[in-house]
Amino acid sequence: MNTDHYLTLSALLFTIGAVGVLVRRNAIVVFMCVELMLNASNLALVSFSRAHGQLDGQVAAFFVMVVAAAEVVVGLAIIVAIFRSRRSASVDDASLLKY
Amino acid sequence: MIAFWALAPLMVLAAVGMVLVRKAVHSALLLAFVMVCLAVLYAAQQAPFLFAVQIIVYTGAILMLFLFVLMLVGVDASDSVVETIPGQRLAATALGLLFGLVLVLGVAQATMSASVGLGAANRDGNVDALATLLFGPYVLAFEVTSALLITAALGAMVLAHSERLTPKPTQRDLAAQRIRDYADHGKHLGPLPTPGVYARHNAVDTPALLPDGSPSSLSVSRSLQARGTIPADLSSAAVDRTATALDSTDSHQRTAAKHTDRGSGR
């Protein structure tokens, strides 16, 4: 099983996540798409780790997961705080700085 | 090999569905599917520790947190279809396709040496080898991670905390308010009517029937109505007769109000 299949899958998932971030309006769904992108990069890290026969890639993927957990906690708290004050989770509505 | 070809198309389909589906809960479930499939792929790539972490941390903790927040923010809050920047959706999709094409072509162009495999590195077990790395060369990053996690937990507590601006109503206040509502608007004093439960449909989303045979919208939870889970045979009747039902409750309330007017008029 060669690595480039896994890398192609990872690239596809990353692209889908990126398009989702650009297209969707609901802040939570945008956030989930960011998670998909992080997961896709993790898959690439694990694939490279196996291709090179070294475990550093898996350690990097582990760190990405830890940072993602911290990021999700803070990001969701921000979304809840915005929802409390504006009664909406749409990223279009939080545009006060524009005016 | 089999795991990859069985899972990869499903994963891509689920990911595309996650972007396209309108309801946020469905997106979350599709993302959970993608993450579990990723865990299987990790297991297939000699990473059993990451397999467990992916399922426990990502699917178990992070996605459940997403679902909790979805319930807080409102399950029926679906996306608006209005584009604030004209043509943004089309441009984003085109750019995304281009980006994906570049990435895939880049991967296809690269020549990679044969995969070494982790047999040698995992000789003493994957977890042992990872621990040697984590507490050896990466120990500083590992310690900094703990600081990051504590900071994130504190930040979430600060952000999610909200100061109570008005005093909390006591049971006495609530009772007084209820009586006041009855006096002013003739609102029914007792609890809301219970949902009707029939022999052929035994669930709380069945509205109770009023004496004239029309369903009472007061007897079903409003979020159930907003979600559209009221059964079809009843909801069609409900659509026809909700107006009359509301009218009849209104008239009930109006007569009650009349009584109270008379009562307070003296």
# chains A, B, ... in the order shown; residues from 1 in each chain; ligands from 1
call {"tool": "interface_residues", "arguments": {"of": "chain B", "to": "chain A", "cutoff": "6 Å", "atoms": "only C-alpha atoms", "output": "PyMOL selection string"}}
result
chain B and resi 1+19+79+89+96+100+104+115-118+149+152+156+159-160
call {"tool": "residues_around", "arguments": {"residues": "region 174-177 of chain B", "least_positions_apart": "5", "cutoff": "12 Å", "atoms": "only C-alpha atoms", "output": "NGL selection string"}}
result
:B and (168-169 or 182-185 or 187 or 189-190)
call {"tool": "write_last_selection", "arguments": {"atoms": "N, CA and C atoms", "output": "mmCIF file, in the first residue's frame"}}
result
data_model
loop_
_atom_site.group_PDB
_atom_site.id
_atom_site.type_symbol
_atom_site.label_atom_id
_atom_site.label_comp_id
_atom_site.auth_asym_id
_atom_site.auth_seq_id
_atom_site.Cartn_x
_atom_site.Cartn_y
_atom_site.Cartn_z
ATOM 1 N N LYS B 168 -32.579 36.647 40.665
ATOM 2 C CA LYS B 168 -33.261 35.436 40.240
ATOM 3 C C LYS B 168 -34.671 35.422 40.807
ATOM 4 N N PRO B 169 -35.724 35.210 39.979
ATOM 5 C CA PRO B 169 -37.085 35.194 40.520
ATOM 6 C C PRO B 169 -37.289 33.994 41.423
ATOM 7 N N TYR B 182 -52.923 36.273 34.931
ATOM 8 C CA TYR B 182 -54.330 35.870 34.888
ATOM 9 C C TYR B 182 -55.222 37.096 35.016
ATOM 10 N N ALA B 183 -54.861 38.018 35.909
ATOM 11 C CA ALA B 183 -55.685 39.203 36.124
ATOM 12 C C ALA B 183 -55.651 40.111 34.904
ATOM 13 N N ASP B 184 -54.459 40.278 34.303
ATOM 14 C CA ASP B 184 -54.336 41.245 33.220
ATOM 15 C C ASP B 184 -54.803 40.676 31.883
ATOM 16 N N HIS B 185 -54.312 39.474 31.554
ATOM 17 C CA HIS B 185 -54.599 38.935 30.221
ATOM 18 C C HIS B 185 -55.505 37.734 30.263
ATOM 19 N N LYS B 187 -54.695 34.803 31.303
ATOM 20 C CA LYS B 187 -53.932 33.599 30.973
ATOM 21 C C LYS B 187 -54.260 32.489 31.949
ATOM 22 N N LEU B 189 -54.387 29.763 34.612
ATOM 23 C CA LEU B 189 -53.576 29.704 35.825
ATOM 24 C C LEU B 189 -52.800 28.400 35.949
ATOM 25 N N GLY B 190 -53.407 27.300 35.531
ATOM 26 C CA GLY B 190 -52.825 25.986 35.745
ATOM 27 C C GLY B 190 -51.705 25.701 34.772
#
call {"tool": "atom_distance", "arguments": {"atom1": "CA of Ser221 (chain B)", "atom2": "CA of Pro207 (chain B)"}}
result
9.2 Å
call {"tool": "select_by_dssp", "arguments": {"residues": "chain A", "states": "helix (DSSP H, G or I)", "output": "MDAnalysis selection string"}}
result
chainID A and resid 3:23 27:52 56:86 96:98
call {"tool": "select_by_dssp", "arguments": {"residues": "region 46-229 of chain B", "states": "strand (DSSP E)", "output": "ChimeraX atom specification"}}
result
/B:208-209,215-216
call {"tool": "atom_distance", "arguments": {"atom1": "CA of Cys37 (chain B)", "atom2": "CA of Leu7 (chain B)"}}
result
6.5 Å
call {"tool": "atom_distance", "arguments": {"atom1": "CA of Val34 (chain A)", "atom2": "CA of Val40 (chain B)"}}
result
20.7 Å
